[in-house]
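One file, protein_10.pdb, is given below (PDB, C-alpha atoms, pLDDT in the B column).
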```
ATOM      1  CA  MET L 422     -77.300 -65.115 -13.219  1.00 87.00           C
ATOM      2  CA  SER L 423     -74.192 -63.518 -14.672  1.00 96.00           C
ATOM      3  CA  THR L 424     -70.595 -64.466 -13.982  1.00 98.00           C
ATOM      4  CA  VAL L 425     -67.979 -61.730 -13.638  1.00 98.00           C
ATOM      5  CA  LEU L 426     -64.198 -61.665 -13.762  1.00 98.00           C
ATOM      6  CA  TYR L 427     -62.290 -59.588 -11.224  1.00 98.00           C
ATOM      7  CA  PRO L 428     -58.747 -59.316 -12.635  1.00 97.00           C
ATOM      8  CA  GLY L 429     -55.742 -57.956 -10.815  1.00 95.00           C
ATOM      9  CA  SER L 430     -52.227 -58.632  -9.659  1.00 93.00           C
ATOM     10  CA  PHE L 431     -53.389 -58.833  -6.017  1.00 95.00           C
ATOM     11  CA  ASP L 432     -49.832 -58.477  -4.697  1.00 93.00           C
ATOM     12  CA  PRO L 433     -51.088 -58.890  -1.984  1.00 94.00           C
ATOM     13  CA  PHE L 434     -54.855 -59.439  -1.845  1.00 96.00           C
ATOM     14  CA  HIS L 435     -56.194 -56.945   0.714  1.00 97.00           C
ATOM     15  CA  VAL L 436     -59.476 -55.916   2.352  1.00 97.00           C
ATOM     16  CA  GLY L 437     -60.163 -53.386  -0.412  1.00 97.00           C
ATOM     17  CA  HIS L 438     -60.040 -56.227  -2.936  1.00 97.00           C
ATOM     18  CA  LEU L 439     -62.212 -58.336  -0.654  1.00 98.00           C
ATOM     19  CA  ASP L 440     -64.742 -55.494  -0.473  1.00 98.00           C
ATOM     20  CA  VAL L 441     -65.062 -55.478  -4.276  1.00 98.00           C
ATOM     21  CA  VAL L 442     -65.411 -59.277  -4.348  1.00 98.00           C
ATOM     22  CA  GLU L 443     -68.080 -59.249  -1.635  1.00 98.00           C
ATOM     23  CA  GLN L 444     -70.052 -56.588  -3.514  1.00 98.00           C
ATOM     24  CA  ALA L 445     -69.744 -58.492  -6.800  1.00 98.00           C
ATOM     25  CA  SER L 446     -70.673 -61.741  -5.051  1.00 98.00           C
ATOM     26  CA  ALA L 447     -73.921 -60.155  -3.854  1.00 98.00           C
ATOM     27  CA  LEU L 448     -74.723 -58.645  -7.271  1.00 97.00           C
ATOM     28  CA  PHE L 449     -73.809 -61.501  -9.611  1.00 98.00           C
ATOM     29  CA  GLY L 450     -74.234 -65.261  -9.725  1.00 97.00           C
ATOM     30  CA  ALA L 451     -70.523 -66.047  -9.653  1.00 98.00           C
ATOM     31  CA  VAL L 452     -67.203 -64.234  -9.379  1.00 98.00           C
ATOM     32  CA  VAL L 453     -63.920 -65.430 -10.860  1.00 98.00           C
ATOM     33  CA  ILE L 454     -60.892 -63.730  -9.332  1.00 98.00           C
ATOM     34  CA  ALA L 455     -58.152 -63.753 -11.964  1.00 98.00           C
ATOM     35  CA  VAL L 456     -54.716 -63.390 -10.412  1.00 97.00           C
ATOM     36  CA  MET L 457     -52.699 -61.794 -13.204  1.00 94.00           C
ATOM     37  CA  HIS L 458     -49.261 -60.404 -13.910  1.00 80.00           C
ATOM     38  CA  ASN L 459     -49.255 -56.697 -14.762  1.00 64.00           C
ATOM     39  CA  PRO L 460     -46.256 -55.943 -17.010  1.00 65.00           C
ATOM     40  CA  ASP L 461     -46.441 -52.257 -15.993  1.00 64.00           C
ATOM     41  CA  LYS L 462     -45.678 -53.214 -12.387  1.00 62.00           C
ATOM     42  CA  PRO L 463     -42.599 -54.856 -10.886  1.00 61.00           C
ATOM     43  CA  SER L 464     -42.573 -58.644 -11.189  1.00 62.00           C
ATOM     44  CA  GLY L 465     -44.207 -58.917  -7.804  1.00 72.00           C
ATOM     45  CA  ALA L 466     -43.171 -59.479  -4.258  1.00 82.00           C
ATOM     46  CA  LEU L 467     -45.267 -62.629  -4.023  1.00 89.00           C
ATOM     47  CA  ALA L 468     -45.318 -65.597  -6.374  1.00 89.00           C
ATOM     48  CA  ALA L 469     -48.536 -66.141  -8.322  1.00 90.00           C
ATOM     49  CA  ALA L 470     -49.259 -69.320  -6.354  1.00 92.00           C
ATOM     50  CA  GLU L 471     -48.982 -67.378  -3.076  1.00 93.00           C
ATOM     51  CA  ARG L 472     -51.308 -64.658  -4.378  1.00 95.00           C
ATOM     52  CA  VAL L 473     -53.857 -67.260  -5.507  1.00 96.00           C
ATOM     53  CA  GLU L 474     -53.781 -68.954  -2.109  1.00 96.00           C
ATOM     54  CA  MET L 475     -54.157 -65.633  -0.274  1.00 96.00           C
ATOM     55  CA  ALA L 476     -57.171 -64.682  -2.401  1.00 97.00           C
ATOM     56  CA  ARG L 477     -58.711 -68.140  -1.841  1.00 98.00           C
ATOM     57  CA  SER L 478     -58.181 -67.941   1.907  1.00 96.00           C
ATOM     58  CA  SER L 479     -59.627 -64.418   2.103  1.00 97.00           C
ATOM     59  CA  THR L 480     -62.737 -65.349   0.105  1.00 98.00           C
ATOM     60  CA  ALA L 481     -63.368 -68.843   1.520  1.00 97.00           C
ATOM     61  CA  HIS L 482     -66.633 -67.627   3.084  1.00 98.00           C
ATOM     62  CA  LEU L 483     -68.100 -66.808  -0.353  1.00 98.00           C
ATOM     63  CA  ALA L 484     -69.512 -69.933  -2.025  1.00 98.00           C
ATOM     64  CA  ASN L 485     -69.914 -68.300  -5.450  1.00 98.00           C
ATOM     65  CA  VAL L 486     -66.288 -67.158  -5.771  1.00 98.00           C
ATOM     66  CA  ARG L 487     -63.395 -69.029  -7.354  1.00 98.00           C
ATOM     67  CA  VAL L 488     -59.779 -67.966  -7.776  1.00 98.00           C
ATOM     68  CA  GLU L 489     -57.607 -68.786 -10.788  1.00 97.00           C
ATOM     69  CA  ALA L 490     -54.217 -67.698 -12.093  1.00 95.00           C
ATOM     70  CA  HIS L 491     -54.291 -66.341 -15.632  1.00 94.00           C
ATOM     71  CA  PRO L 492     -51.393 -65.238 -17.834  1.00 89.00           C
ATOM     72  CA  GLY L 493     -51.741 -62.533 -20.462  1.00 90.00           C
ATOM     73  CA  LEU L 494     -54.582 -60.096 -20.905  1.00 93.00           C
ATOM     74  CA  ALA L 495     -57.701 -59.701 -18.780  1.00 95.00           C
ATOM     75  CA  VAL L 496     -59.869 -60.119 -21.890  1.00 96.00           C
ATOM     76  CA  ASP L 497     -58.181 -63.468 -22.565  1.00 95.00           C
ATOM     77  CA  ALA L 498     -58.880 -64.505 -18.971  1.00 96.00           C
ATOM     78  CA  ALA L 499     -62.503 -63.373 -19.427  1.00 96.00           C
ATOM     79  CA  ARG L 500     -62.867 -65.535 -22.538  1.00 95.00           C
ATOM     80  CA  SER L 501     -61.152 -68.493 -20.875  1.00 94.00           C
ATOM     81  CA  ALA L 502     -63.330 -68.249 -17.769  1.00 95.00           C
ATOM     82  CA  GLY L 503     -66.497 -67.772 -19.836  1.00 95.00           C
ATOM     83  CA  VAL L 504     -67.648 -64.674 -17.967  1.00 97.00           C
ATOM     84  CA  ASP L 505     -70.300 -62.140 -18.917  1.00 97.00           C
ATOM     85  CA  PHE L 506     -68.589 -59.041 -17.522  1.00 98.00           C
ATOM     86  CA  ILE L 507     -65.379 -57.741 -16.006  1.00 98.00           C
ATOM     87  CA  VAL L 508     -65.834 -56.056 -12.625  1.00 98.00           C
ATOM     88  CA  LYS L 509     -63.494 -53.392 -11.278  1.00 97.00           C
ATOM     89  CA  GLY L 510     -63.449 -51.447  -8.031  1.00 96.00           C
ATOM     90  CA  LEU L 511     -63.050 -47.684  -7.943  1.00 96.00           C
ATOM     91  CA  ARG L 512     -61.366 -45.872  -5.047  1.00 92.00           C
ATOM     92  CA  THR L 513     -60.857 -42.403  -6.513  1.00 89.00           C
ATOM     93  CA  SER L 514     -61.659 -40.314  -9.559  1.00 88.00           C
ATOM     94  CA  GLY L 515     -58.146 -41.126 -10.796  1.00 88.00           C
ATOM     95  CA  ASP L 516     -59.057 -44.814 -10.761  1.00 90.00           C
ATOM     96  CA  PHE L 517     -62.099 -44.017 -12.900  1.00 94.00           C
ATOM     97  CA  GLU L 518     -60.027 -42.356 -15.612  1.00 93.00           C
ATOM     98  CA  VAL L 519     -57.607 -45.288 -15.862  1.00 93.00           C
ATOM     99  CA  GLU L 520     -60.319 -47.945 -15.622  1.00 95.00           C
ATOM    100  CA  GLN L 521     -62.586 -46.215 -18.156  1.00 96.00           C
ATOM    101  CA  GLN L 522     -59.857 -46.217 -20.805  1.00 96.00           C
ATOM    102  CA  MET L 523     -59.122 -49.881 -20.054  1.00 96.00           C
ATOM    103  CA  ALA L 524     -62.845 -50.742 -20.182  1.00 97.00           C
ATOM    104  CA  HIS L 525     -63.280 -49.116 -23.596  1.00 98.00           C
ATOM    105  CA  THR L 526     -60.208 -50.890 -24.929  1.00 97.00           C
ATOM    106  CA  ASN L 527     -61.294 -54.255 -23.524  1.00 96.00           C
ATOM    107  CA  PHE L 528     -64.750 -53.861 -25.048  1.00 97.00           C
ATOM    108  CA  ALA L 529     -63.291 -52.853 -28.417  1.00 97.00           C
ATOM    109  CA  VAL L 530     -61.109 -55.957 -28.625  1.00 95.00           C
ATOM    110  CA  SER L 531     -63.402 -58.502 -26.981  1.00 94.00           C
ATOM    111  CA  GLY L 532     -66.975 -57.262 -26.630  1.00 95.00           C
ATOM    112  CA  VAL L 533     -66.777 -57.835 -22.867  1.00 96.00           C
ATOM    113  CA  ARG L 534     -68.229 -54.950 -20.861  1.00 97.00           C
ATOM    114  CA  THR L 535     -66.836 -53.668 -17.568  1.00 98.00           C
ATOM    115  CA  VAL L 536     -68.959 -52.943 -14.510  1.00 98.00           C
ATOM    116  CA  TYR L 537     -67.649 -50.716 -11.707  1.00 97.00           C
ATOM    117  CA  VAL L 538     -68.353 -50.944  -8.005  1.00 97.00           C
ATOM    118  CA  PRO L 539     -67.291 -48.187  -5.637  1.00 96.00           C
ATOM    119  CA  CYS L 540     -65.143 -49.286  -2.750  1.00 94.00           C
ATOM    120  CA  THR L 541     -66.295 -48.777   0.784  1.00 96.00           C
ATOM    121  CA  PRO L 542     -64.906 -45.359   1.817  1.00 95.00           C
ATOM    122  CA  ALA L 543     -63.002 -46.846   4.759  1.00 95.00           C
ATOM    123  CA  TYR L 544     -60.839 -48.779   2.264  1.00 95.00           C
ATOM    124  CA  SER L 545     -60.205 -46.003  -0.262  1.00 93.00           C
ATOM    125  CA  PHE L 546     -56.617 -45.439   0.893  1.00 94.00           C
ATOM    126  CA  ILE L 547     -55.493 -49.080   0.817  1.00 96.00           C
ATOM    127  CA  SER L 548     -52.877 -50.007  -1.749  1.00 94.00           C
ATOM    128  CA  SER L 549     -50.985 -53.264  -2.251  1.00 93.00           C
ATOM    129  CA  ARG L 550     -47.797 -51.258  -2.737  1.00 92.00           C
ATOM    130  CA  PHE L 551     -48.149 -49.598   0.673  1.00 94.00           C
ATOM    131  CA  ILE L 552     -48.975 -52.928   2.322  1.00 94.00           C
ATOM    132  CA  ARG L 553     -45.834 -54.506   0.820  1.00 92.00           C
ATOM    133  CA  ASP L 554     -43.671 -51.626   2.015  1.00 92.00           C
ATOM    134  CA  ILE L 555     -45.125 -51.546   5.510  1.00 93.00           C
ATOM    135  CA  ALA L 556     -45.045 -55.331   6.045  1.00 91.00           C
ATOM    136  CA  ALA L 557     -41.532 -55.719   4.613  1.00 88.00           C
ATOM    137  CA  ASN L 558     -40.308 -53.142   7.119  1.00 90.00           C
ATOM    138  CA  GLY L 559     -41.964 -54.758  10.125  1.00 90.00           C
ATOM    139  CA  GLY L 560     -45.028 -52.515  10.282  1.00 93.00           C
ATOM    140  CA  ASP L 561     -48.536 -53.587  11.235  1.00 95.00           C
ATOM    141  CA  VAL L 562     -50.795 -54.306   8.246  1.00 95.00           C
ATOM    142  CA  SER L 563     -53.393 -56.300  10.181  1.00 95.00           C
ATOM    143  CA  SER L 564     -56.133 -53.749   9.472  1.00 96.00           C
ATOM    144  CA  MET L 565     -55.515 -53.975   5.725  1.00 96.00           C
ATOM    145  CA  VAL L 566     -55.474 -57.724   5.039  1.00 95.00           C
ATOM    146  CA  HIS L 567     -57.727 -60.629   5.936  1.00 95.00           C
ATOM    147  CA  PRO L 568     -56.642 -62.310   9.196  1.00 94.00           C
ATOM    148  CA  SER L 569     -56.269 -65.670   7.402  1.00 90.00           C
ATOM    149  CA  ILE L 570     -53.327 -64.384   5.346  1.00 91.00           C
ATOM    150  CA  LEU L 571     -51.543 -62.033   7.733  1.00 92.00           C
ATOM    151  CA  ALA L 572     -48.842 -64.417   8.985  1.00 89.00           C
ATOM    152  CA  ALA L 573     -48.110 -65.853   5.532  1.00 88.00           C
ATOM    153  CA  LEU L 574     -47.946 -62.380   4.010  1.00 89.00           C
ATOM    154  CA  VAL L 575     -45.564 -61.001   6.625  1.00 86.00           C
ATOM    155  CA  SER L 576     -43.384 -64.112   6.364  1.00 86.00           C
ATOM    156  CA  ALA L 577     -43.238 -63.918   2.552  1.00 84.00           C
ATOM    157  CA  LEU L 578     -42.424 -60.220   2.497  1.00 81.00           C
ATOM    158  CA  THR L 579     -39.818 -60.261   5.247  1.00 79.00           C
ATOM    159  CA  ARG L 580     -37.992 -63.289   3.761  1.00 70.00           C
ATOM    160  CA  SER L 581     -37.648 -61.457   0.440  1.00 59.00           C
ATOM    161  CA  LYS L 582     -35.776 -58.573   2.104  1.00 55.00           C
TER     162      LYS L 582
END
```

Once you've parsed the file, please lay out its structure as structure tokens.
Amino acid sequence: MSTVLYPGSFDPFHVGHLDVVEQASALFGAVVIAVMHNPDKPSGALAAAERVEMARSSTAHLANVRVEAHPGLAVDAARSAGVDFIVKGLRTSGDFEVEQQMAHTNFAVSGVRTVYVPCTPAYSFISSRFIRDIAANGGDVSSMVHPSILAALVSALTRSK
């Protein structure tokens, strides 16, 4: 069975991310969640260690999933983790355009192919950025994150205000 890498900043890890992981877990032998830093995004509201722990807690029910922090490029994480494919979730047609360009570039520089899974429609609106904003301002994000991380997430985001 194949092993796939699911890279992302996961700031924070939410139910849309979990949906992609659960789909990949059912399709492939193993899933490596690579918590990364995206230089095109702000440095992050949550420390990498917090994001790793939140992803681990949210995916604890999936025996074939592991979570690791990786610096640098997703293709470097793919090589380091020894995966067969990169997996990415698609919410909208806009996601496809961005992810397709990234997939072609990743393949050109590494030979690692990208596989897409569509998100469950009920999660298509969820965004880490919106979750950060809502939680930091005292709003209810309980429908958008796994129950195991809710308290830690709200605490982390409200203390950084």

Nearest to Val436 of chain L among L:Asn527, L:Gln521, L:Ser479, L:Thr424, with distances taken over only C-alpha atoms: which residue is it? L:Ser479

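Between Pro492 of chain L and the residues L:Ala543, L:Ala469, L:Ala447, L:Leu511, the shortest atom-to-atom distance, using all atoms listed in the file, involves L:Ala469.
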
The PyMOL selection byres ((chain L and resi 443) around 12) resolved against shown file, as a ChimeraX atom specification: /L:427,436-442,444-454,479-486,508,510,538-541

Using only C-alpha atoms, please write the residues we just selected to a file, as a compact mmCIF listing (two decimals), in the coordinates of the input.
```
# COMPACT_ATOMS: atom_id res chain seq x y z
CA TYR L 427 -62.29 -59.59 -11.22
CA VAL L 436 -59.48 -55.92 2.35
CA GLY L 437 -60.16 -53.39 -0.41
CA HIS L 438 -60.04 -56.23 -2.94
CA LEU L 439 -62.21 -58.34 -0.65
CA ASP L 440 -64.74 -55.49 -0.47
CA VAL L 441 -65.06 -55.48 -4.28
CA VAL L 442 -65.41 -59.28 -4.35
CA GLN L 444 -70.05 -56.59 -3.51
CA ALA L 445 -69.74 -58.49 -6.80
CA SER L 446 -70.67 -61.74 -5.05
CA ALA L 447 -73.92 -60.16 -3.85
CA LEU L 448 -74.72 -58.64 -7.27
CA PHE L 449 -73.81 -61.50 -9.61
CA GLY L 450 -74.23 -65.26 -9.72
CA ALA L 451 -70.52 -66.05 -9.65
CA VAL L 452 -67.20 -64.23 -9.38
CA VAL L 453 -63.92 -65.43 -10.86
CA ILE L 454 -60.89 -63.73 -9.33
CA SER L 479 -59.63 -64.42 2.10
CA THR L 480 -62.74 -65.35 0.10
CA ALA L 481 -63.37 -68.84 1.52
CA HIS L 482 -66.63 -67.63 3.08
CA LEU L 483 -68.10 -66.81 -0.35
CA ALA L 484 -69.51 -69.93 -2.02
CA ASN L 485 -69.91 -68.30 -5.45
CA VAL L 486 -66.29 -67.16 -5.77
CA VAL L 508 -65.83 -56.06 -12.62
CA GLY L 510 -63.45 -51.45 -8.03
CA VAL L 538 -68.35 -50.94 -8.01
CA PRO L 539 -67.29 -48.19 -5.64
CA CYS L 540 -65.14 -49.29 -2.75
CA THR L 541 -66.30 -48.78 0.78
```

Starting from the PyMOL selection byres ((chain L and resi 530) around 12), expand the selection into actual residues of this file and give them as a PyMOL selection string. chain L and resi 494-497+499-500+523-529+531-534

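For the atom pair formed by atom CA of Ser478 of chain L and atom CA of Ala466 of chain L, the distance is 18.3 Å, given to one decimal.
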
As a check of understanding, name the residues that the PyMOL selection byres ((chain L and resi 579) around 12) selects in the supplied structure, as a list in words. Ala466, Leu467, Arg553, Asp554, Ile555, Ala556, Ala557, Asn558, Gly559, Gly560, Ala572, Ala573, Leu574, Val575, Ser576, Ala577, Leu578, Arg580, Ser581 and Lys582 of chain L

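In terms of minimum interatomic distance to Val488 of chain L, L:Ala455 ranks closest within L:Arg472, L:Phe517, L:Ala455, L:Ile552, counting all atoms listed in the file.
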
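Residue nearest His435 of chain L within the list L:Tyr537, L:Gly503, L:Pro542, L:Met475: L:Met475 [criterion: smallest interatomic distance, only C-alpha atoms].
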
Atom CA of Arg487 of chain L to atom CA of Ser430 of chain L, distance in Å rounded to a single decimal: 15.4 Å

Would you compute an axis-aligned box for segment 422-435 of chain L, covering every atom listed for it in the file with 3 Å of margin on each side, and report centre and edge lengths in Å to one decimal as AutoDock Vina command-line options?
```
--center_x -63.6 --center_y -61.0 --center_z -7.0 --size_x 33.5 --size_y 14.2 --size_z 21.4
```

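Relative to atom CA of Val504 of chain L, atom CA of Met422 of chain L is found at 10.8 Å.
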
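Closest approach to Val536 of chain L among L:Ala502, L:Val562, L:Ile507, L:Val519: L:Ile507, based on only C-alpha atoms.
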
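Between Ser501 of chain L and the residues L:Ser514, L:Glu520, L:Val566, L:Glu489, the shortest atom-to-atom distance, using all atoms listed in the file, involves L:Glu489.
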